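Structure data follow from protein.cif (mmCIF, C-alpha atoms):
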```
data_coords
loop_
_atom_site.group_PDB
_atom_site.id
_atom_site.type_symbol
_atom_site.label_atom_id
_atom_site.label_comp_id
_atom_site.auth_asym_id
_atom_site.auth_seq_id
_atom_site.Cartn_x
_atom_site.Cartn_y
_atom_site.Cartn_z
ATOM 1 C CA MET A 287 -65.286 -83.040 148.734
ATOM 2 C CA LYS A 288 -64.079 -84.256 152.135
ATOM 3 C CA VAL A 289 -66.731 -86.957 152.107
ATOM 4 C CA LYS A 290 -65.510 -88.311 148.771
ATOM 5 C CA THR A 291 -61.891 -88.250 149.935
ATOM 6 C CA GLN A 292 -62.802 -90.056 153.134
ATOM 7 C CA SER A 293 -64.832 -92.577 151.145
ATOM 8 C CA ARG A 294 -61.862 -93.314 148.898
ATOM 9 C CA LYS A 295 -59.646 -93.796 151.948
ATOM 10 C CA VAL A 296 -62.138 -96.185 153.533
ATOM 11 C CA ASN A 297 -62.545 -98.173 150.308
ATOM 12 C CA LYS A 298 -58.785 -98.383 149.842
ATOM 13 C CA ALA A 299 -58.319 -99.509 153.445
ATOM 14 C CA TRP A 300 -61.040 -102.174 153.050
ATOM 15 C CA LEU A 301 -59.516 -103.406 149.798
ATOM 16 C CA ASN A 302 -56.076 -103.601 151.391
ATOM 17 C CA ASP A 303 -57.469 -105.563 154.367
ATOM 18 C CA HIS A 304 -59.398 -107.854 152.026
ATOM 19 C CA VAL A 305 -56.420 -108.620 149.794
ATOM 20 C CA ASN A 306 -54.249 -109.387 152.822
ATOM 21 C CA ASP A 307 -56.972 -111.324 154.668
ATOM 22 C CA THR A 308 -55.801 -114.794 155.751
ATOM 23 C CA TYR A 309 -59.045 -116.469 154.729
ATOM 24 C CA VAL A 310 -59.166 -114.697 151.367
ATOM 25 C CA LYS A 311 -55.698 -116.063 150.622
ATOM 26 C CA LEU A 312 -56.666 -119.512 151.896
ATOM 27 C CA ALA A 313 -59.840 -119.563 149.791
ATOM 28 C CA LYS A 314 -57.845 -118.669 146.684
ATOM 29 C CA ARG A 315 -55.278 -121.359 147.420
ATOM 30 C CA GLU A 316 -57.850 -124.078 148.147
ATOM 31 C CA GLY A 317 -60.179 -123.243 145.278
ATOM 32 C CA TYR A 318 -63.129 -121.798 147.169
ATOM 33 C CA ARG A 319 -65.071 -118.979 145.554
ATOM 34 C CA ALA A 320 -65.280 -116.978 148.794
ATOM 35 C CA ARG A 321 -63.854 -116.912 152.304
ATOM 36 C CA ALA A 322 -67.394 -117.692 153.535
ATOM 37 C CA ALA A 323 -66.621 -121.395 153.008
ATOM 38 C CA TYR A 324 -64.577 -121.342 156.216
ATOM 39 C CA LYS A 325 -67.498 -120.017 158.238
ATOM 40 C CA LEU A 326 -69.580 -123.070 157.375
ATOM 41 C CA LYS A 327 -66.547 -125.334 157.782
ATOM 42 C CA GLU A 328 -65.979 -124.112 161.348
ATOM 43 C CA ILE A 329 -69.675 -124.442 162.247
ATOM 44 C CA ASP A 330 -69.878 -127.904 160.704
ATOM 45 C CA GLU A 331 -66.739 -129.174 162.406
ATOM 46 C CA ALA A 332 -67.927 -127.851 165.771
ATOM 47 C CA HIS A 333 -71.321 -129.552 165.569
ATOM 48 C CA LYS A 334 -70.704 -132.420 163.089
ATOM 49 C CA LEU A 335 -73.735 -131.568 160.967
ATOM 50 C CA ILE A 336 -72.956 -132.616 157.386
ATOM 51 C CA LYS A 337 -72.175 -136.274 156.688
ATOM 52 C CA PRO A 338 -71.828 -138.458 153.581
ATOM 53 C CA GLY A 339 -75.227 -139.638 152.378
ATOM 54 C CA HIS A 340 -77.000 -136.472 153.496
ATOM 55 C CA MET A 341 -79.268 -134.281 151.442
ATOM 56 C CA VAL A 342 -78.358 -130.640 152.089
ATOM 57 C CA ILE A 343 -80.310 -127.574 150.984
ATOM 58 C CA ASP A 344 -78.229 -124.413 150.497
ATOM 59 C CA LEU A 345 -80.425 -121.311 150.676
ATOM 60 C CA GLY A 346 -78.842 -118.090 149.431
ATOM 61 C CA SER A 347 -76.062 -120.092 147.801
ATOM 62 C CA THR A 348 -74.418 -117.630 145.394
ATOM 63 C CA PRO A 349 -71.479 -117.400 144.711
ATOM 64 C CA GLY A 350 -71.293 -121.067 145.737
ATOM 65 C CA ALA A 351 -68.616 -121.355 148.425
ATOM 66 C CA TRP A 352 -70.948 -123.117 150.867
ATOM 67 C CA SER A 353 -72.062 -125.539 148.160
ATOM 68 C CA GLN A 354 -68.406 -126.206 147.391
ATOM 69 C CA TYR A 355 -67.700 -127.020 151.036
ATOM 70 C CA ILE A 356 -70.762 -129.284 151.266
ATOM 71 C CA ARG A 357 -69.691 -130.967 148.017
ATOM 72 C CA ARG A 358 -66.352 -131.760 149.560
ATOM 73 C CA LYS A 359 -67.947 -133.194 152.711
ATOM 74 C CA LEU A 360 -70.121 -135.493 150.613
ATOM 75 C CA SER A 361 -67.122 -136.743 148.605
ATOM 76 C CA PRO A 362 -64.638 -137.673 151.344
ATOM 77 C CA LYS A 363 -62.813 -140.302 149.275
ATOM 78 C CA THR A 364 -62.195 -138.048 146.289
ATOM 79 C CA ALA A 365 -62.013 -134.557 147.816
ATOM 80 C CA THR A 366 -58.281 -134.126 148.139
ATOM 81 C CA GLY A 367 -58.211 -130.495 147.123
ATOM 82 C CA GLY A 368 -60.229 -127.608 148.462
ATOM 83 C CA GLY A 369 -63.318 -126.058 146.988
ATOM 84 C CA ALA A 370 -62.950 -127.820 143.644
ATOM 85 C CA ALA A 371 -64.007 -131.230 144.994
ATOM 86 C CA VAL A 372 -64.911 -133.638 142.224
ATOM 87 C CA GLY A 373 -65.673 -137.322 141.886
ATOM 88 C CA GLU A 374 -68.370 -139.567 143.287
ATOM 89 C CA LEU A 375 -70.962 -137.673 145.289
ATOM 90 C CA ASN A 376 -72.387 -139.542 148.278
ATOM 91 C CA GLY A 377 -75.494 -137.476 148.924
ATOM 92 C CA ARG A 378 -77.436 -134.643 147.320
ATOM 93 C CA ILE A 379 -77.056 -130.868 147.299
ATOM 94 C CA ILE A 380 -79.775 -128.485 146.150
ATOM 95 C CA ALA A 381 -78.760 -124.829 146.024
ATOM 96 C CA LEU A 382 -81.067 -121.860 145.642
ATOM 97 C CA ASP A 383 -80.545 -118.136 145.141
ATOM 98 C CA LEU A 384 -82.138 -115.108 143.538
ATOM 99 C CA LEU A 385 -78.846 -114.487 141.723
ATOM 100 C CA ALA A 386 -77.170 -116.708 139.164
ATOM 101 C CA MET A 387 -74.465 -119.109 140.359
ATOM 102 C CA GLU A 388 -71.666 -120.694 138.378
ATOM 103 C CA PRO A 389 -72.154 -124.484 138.334
ATOM 104 C CA VAL A 390 -70.622 -126.674 141.029
ATOM 105 C CA GLU A 391 -70.225 -130.281 139.933
ATOM 106 C CA GLY A 392 -73.028 -132.442 141.311
ATOM 107 C CA VAL A 393 -74.967 -129.504 142.781
ATOM 108 C CA VAL A 394 -78.508 -128.863 141.538
ATOM 109 C CA PHE A 395 -78.960 -125.098 141.345
ATOM 110 C CA ILE A 396 -82.321 -123.362 141.117
ATOM 111 C CA GLN A 397 -82.466 -119.628 140.519
ATOM 112 C CA GLY A 398 -85.474 -117.913 142.037
ATOM 113 C CA ASP A 399 -87.437 -117.039 145.160
ATOM 114 C CA PHE A 400 -88.683 -120.079 147.075
ATOM 115 C CA ARG A 401 -91.584 -118.001 148.384
ATOM 116 C CA GLU A 402 -92.985 -118.417 144.882
ATOM 117 C CA GLU A 403 -94.929 -121.639 144.381
ATOM 118 C CA GLU A 404 -93.276 -122.427 141.053
ATOM 119 C CA ILE A 405 -89.770 -122.221 142.533
ATOM 120 C CA LEU A 406 -90.705 -124.158 145.672
ATOM 121 C CA ASN A 407 -92.203 -126.855 143.462
ATOM 122 C CA GLN A 408 -88.895 -127.089 141.599
ATOM 123 C CA VAL A 409 -87.069 -127.569 144.892
ATOM 124 C CA THR A 410 -89.451 -130.244 146.164
ATOM 125 C CA SER A 411 -89.342 -131.983 142.788
ATOM 126 C CA GLU A 412 -85.551 -132.245 143.056
ATOM 127 C CA MET A 413 -85.942 -133.606 146.599
ATOM 128 C CA LYS A 414 -87.899 -136.524 145.072
ATOM 129 C CA GLY A 415 -90.167 -137.003 148.068
ATOM 130 C CA ASP A 416 -87.310 -137.104 150.595
ATOM 131 C CA LEU A 417 -86.614 -134.732 153.475
ATOM 132 C CA ALA A 418 -83.399 -132.759 153.940
ATOM 133 C CA ASP A 419 -80.888 -133.720 156.610
ATOM 134 C CA VAL A 420 -79.412 -130.221 156.861
ATOM 135 C CA VAL A 421 -80.531 -126.792 155.667
ATOM 136 C CA VAL A 422 -77.973 -123.985 155.525
ATOM 137 C CA SER A 423 -78.928 -120.371 154.949
ATOM 138 C CA ASP A 424 -76.509 -117.581 154.173
ATOM 139 C CA MET A 425 -79.437 -115.402 153.081
ATOM 140 C CA ALA A 426 -79.184 -111.754 154.028
ATOM 141 C CA PRO A 427 -81.415 -108.812 153.127
ATOM 142 C CA ASN A 428 -80.288 -105.541 151.638
ATOM 143 C CA LEU A 429 -79.649 -103.542 154.795
ATOM 144 C CA SER A 430 -81.045 -100.009 154.964
ATOM 145 C CA GLY A 431 -79.165 -98.835 158.045
ATOM 146 C CA ILE A 432 -82.464 -98.330 159.878
ATOM 147 C CA ASP A 433 -82.378 -100.770 162.804
ATOM 148 C CA SER A 434 -86.086 -101.537 163.002
ATOM 149 C CA THR A 435 -86.400 -102.033 159.238
ATOM 150 C CA ASP A 436 -83.311 -104.231 159.001
ATOM 151 C CA ALA A 437 -84.355 -106.310 162.024
ATOM 152 C CA ALA A 438 -87.733 -106.973 160.393
ATOM 153 C CA ARG A 439 -86.085 -108.007 157.114
ATOM 154 C CA VAL A 440 -83.704 -110.415 158.844
ATOM 155 C CA GLU A 441 -86.530 -111.854 160.952
ATOM 156 C CA ASN A 442 -88.571 -112.458 157.814
ATOM 157 C CA LEU A 443 -85.752 -114.454 156.218
ATOM 158 C CA ILE A 444 -85.296 -116.526 159.377
ATOM 159 C CA GLU A 445 -89.030 -117.232 159.503
ATOM 160 C CA LEU A 446 -88.868 -118.404 155.880
ATOM 161 C CA ALA A 447 -85.913 -120.711 156.600
ATOM 162 C CA ILE A 448 -87.581 -122.203 159.689
ATOM 163 C CA ASP A 449 -90.854 -122.669 157.841
ATOM 164 C CA PHE A 450 -88.983 -124.437 155.044
ATOM 165 C CA CYS A 451 -87.406 -126.767 157.623
ATOM 166 C CA LYS A 452 -90.778 -127.570 159.202
ATOM 167 C CA ASN A 453 -92.079 -128.788 155.868
ATOM 168 C CA HIS A 454 -88.985 -130.141 154.128
ATOM 169 C CA MET A 455 -86.426 -131.290 156.736
ATOM 170 C CA LYS A 456 -86.188 -134.408 158.867
ATOM 171 C CA PRO A 457 -87.247 -134.056 162.517
ATOM 172 C CA GLU A 458 -83.672 -134.731 163.646
ATOM 173 C CA GLY A 459 -82.232 -132.333 161.054
ATOM 174 C CA ALA A 460 -80.295 -129.114 161.581
ATOM 175 C CA LEU A 461 -80.580 -125.541 160.352
ATOM 176 C CA VAL A 462 -77.642 -123.130 160.098
ATOM 177 C CA ALA A 463 -78.712 -119.522 159.499
ATOM 178 C CA LYS A 464 -76.905 -116.200 159.310
ATOM 179 C CA VAL A 465 -78.241 -113.485 161.598
ATOM 180 C CA PHE A 466 -76.947 -110.145 162.856
ATOM 181 C CA HIS A 467 -76.312 -108.886 166.360
ATOM 182 C CA GLY A 468 -78.302 -105.799 167.159
ATOM 183 C CA SER A 469 -81.959 -104.894 167.157
ATOM 184 C CA GLY A 470 -84.099 -108.019 166.977
ATOM 185 C CA TYR A 471 -81.305 -110.536 167.680
ATOM 186 C CA SER A 472 -82.791 -111.773 170.966
ATOM 187 C CA GLN A 473 -86.132 -112.368 169.237
ATOM 188 C CA LEU A 474 -84.388 -114.542 166.647
ATOM 189 C CA VAL A 475 -82.849 -116.667 169.408
ATOM 190 C CA VAL A 476 -86.284 -117.048 170.992
ATOM 191 C CA MET A 477 -87.705 -118.067 167.605
ATOM 192 C CA PHE A 478 -85.014 -120.715 167.172
ATOM 193 C CA LYS A 479 -85.595 -122.055 170.676
ATOM 194 C CA ALA A 480 -89.308 -122.339 169.959
ATOM 195 C CA HIS A 481 -88.626 -124.622 166.989
ATOM 196 C CA PHE A 482 -85.438 -126.535 167.865
ATOM 197 C CA LYS A 483 -84.437 -128.702 170.811
ATOM 198 C CA VAL A 484 -80.840 -127.498 170.805
ATOM 199 C CA VAL A 485 -79.799 -123.983 169.778
ATOM 200 C CA LYS A 486 -76.218 -122.724 169.521
ATOM 201 C CA ALA A 487 -74.863 -119.325 168.513
ATOM 202 C CA ILE A 488 -71.444 -119.204 166.898
ATOM 203 C CA LYS A 489 -69.230 -116.416 165.580
ATOM 204 C CA PRO A 490 -66.694 -118.192 163.348
ATOM 205 C CA ALA A 491 -63.090 -117.034 163.475
ATOM 206 C CA SER A 492 -63.331 -116.469 159.718
ATOM 207 C CA SER A 493 -66.140 -113.942 160.202
ATOM 208 C CA ARG A 494 -64.662 -110.460 160.234
ATOM 209 C CA SER A 495 -64.398 -109.106 163.762
ATOM 210 C CA GLU A 496 -65.994 -105.794 162.785
ATOM 211 C CA SER A 497 -69.006 -107.551 161.258
ATOM 212 C CA SER A 498 -72.193 -107.935 163.298
ATOM 213 C CA GLU A 499 -72.962 -111.257 161.615
ATOM 214 C CA THR A 500 -73.215 -114.423 163.651
ATOM 215 C CA PHE A 501 -74.829 -117.783 163.015
ATOM 216 C CA LEU A 502 -77.560 -119.667 164.809
ATOM 217 C CA VAL A 503 -77.597 -123.450 164.673
ATOM 218 C CA GLY A 504 -80.828 -125.281 165.484
ATOM 219 C CA MET A 505 -80.683 -129.055 165.921
ATOM 220 C CA GLY A 506 -83.646 -131.409 166.288
ATOM 221 C CA GLN A 507 -87.024 -129.950 165.461
ATOM 222 C CA LYS A 508 -89.629 -129.678 168.161
ATOM 223 C CA GLN A 509 -92.850 -131.463 167.224
#
```
Represent the supplied structure as C-alpha cells.
Amino acid sequence: MKVKTQSRKVNKAWLNDHVNDTYVKLAKREGYRARAAYKLKEIDEAHKLIKPGHMVIDLGSTPGAWSQYIRRKLSPKTATGGGAAVGELNGRIIALDLLAMEPVEGVVFIQGDFREEEILNQVTSEMKGDLADVVVSDMAPNLSGIDSTDAARVENLIELAIDFCKNHMKPEGALVAKVFHGSGYSQLVVMFKAHFKVVKAIKPASSRSESSETFLVGMGQKQ
C-alpha cells in the first residue's frame, strides 16, 4: 500500500512540474506539439545546421515537434508563428516513426521501421535520388532499467542512424542523435568520432535537468 501511495505522490509531483514547466507553456503558446522542439532549436542555433533549401530526415519523429521546428526553418519568409508554420516550403522534410503522427503541412511522413527493406525503399523513393543535408534522430528504445541491456539498445539505434547517414546523407552533412549518459555513453562518443570529423555533445537547457538524455552532433562524414 505504501508503494502505491508513494507512486501517486511521484506522479502528482511530475504532473505538477510538467504543467508548470516553462517549455511546456512555451510550446503550447507557440503551437509546438511538445517541448522537445526547443531541444532541437537550441542545438540548431548553436551549430547552424538546418538551412532553407535543405533536405532533412527526421527519424523517430512522432509526435512531430521536431518536424514542426524544421518546417519553420525551411519557411523563413512565412513562418511568423511557432510550430504551426505554413506557406511555401524551401526544402524537403521526410519524417519516419514506428508510431502514427498527425500530419504536418509539407512533411512527408512514413510509418514503419527503416530496418525493413520495404520501409527504407519508401524513404529513398521520397528522396528522389538526392542525399540528405541533415539527419535528426530523437529515437529512443524502451528502457528496461538494466544498464547493460539499455546501453546495447541505445547503441543499436545510434549504429542504425550512422549507417543511414553513410548511405543517404551528403559527406558534409550533419547528424543529431539523442543518447543517454551512463553505461555505454563513452562508446557512443567514440563511434561518432570514428564517423564524423567534428563531434559535439550538448545538453539543451530545455532538457530536464534530472534526465540523463543528451545529444551528440556529428558534422562532416569521414570518408
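Nearest-residue note for Lys489 in chain A: choosing from A:Tyr318, A:Phe466, A:Phe395, A:Tyr471, the minimum distance belongs to A:Phe466, counting all atoms listed in the file.
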Can you give me, as a VMD selection string, the residues this file yields under the PyMOL selection byres ((chain A and resi 373-383) around 10)?
chain A and resid 337 to 350 352 to 354 356 to 365 371 to 372 384 to 387 390 to 400 405 to 406 409 to 410 412 to 413 418 to 425
Given the file above and the PyMOL selection byres ((chain A and resi 500) around 9), which residues are selected, and can you give them as a list in words?
Ala463, Lys464, Val465, Phe466, His467, Ala487, Ile488, Lys489, Pro490, Ser493, Ser497, Ser498, Glu499, Phe501 and Leu502 of chain A
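Between CA of Val310 in chain A and CA of Ala323 in chain A there is a distance of 10.2 Å.
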Contacts of Asp449 in chain A at 12 Å or less, counting only C-alpha atoms, minus same-chain residues fewer than 5 places along, as a ChimeraX atom specification?
/A:400-401,421,442-444,454-455,461,477-478,481,507
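The two atoms in question, CA of Asp307 in chain A and CA of Gly504 in chain A, are spaced 29.7 Å apart.
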Residue with the minimum atom-to-atom distance to Arg321 in chain A, picked from A:Val440, A:Ala491, A:Ala460, A:Val484 with all atoms listed in the file counted, is A:Ala491
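Computed from the coordinates, the CA of Phe450 in chain A to CA of Ala480 in chain A distance equals 15.1 Å.
Counting only C-alpha atoms and comparing A:Ser492, A:Thr435, A:Gln408, A:Ser430, the residue that lies closest to Tyr309 in chain A is A:Ser492.
Nearest residue to Gly468 in chain A, choosing from A:Lys334, A:Lys327, A:Gly431, A:Gln509 and counting all atoms listed in the file: A:Gly431.
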Evaluate the PyMOL selection byres ((chain A and resi 333) around 10) here and jot the selected residues down as a PyMOL selection string.
chain A and resi 328-332+334-336+460+486+503+505
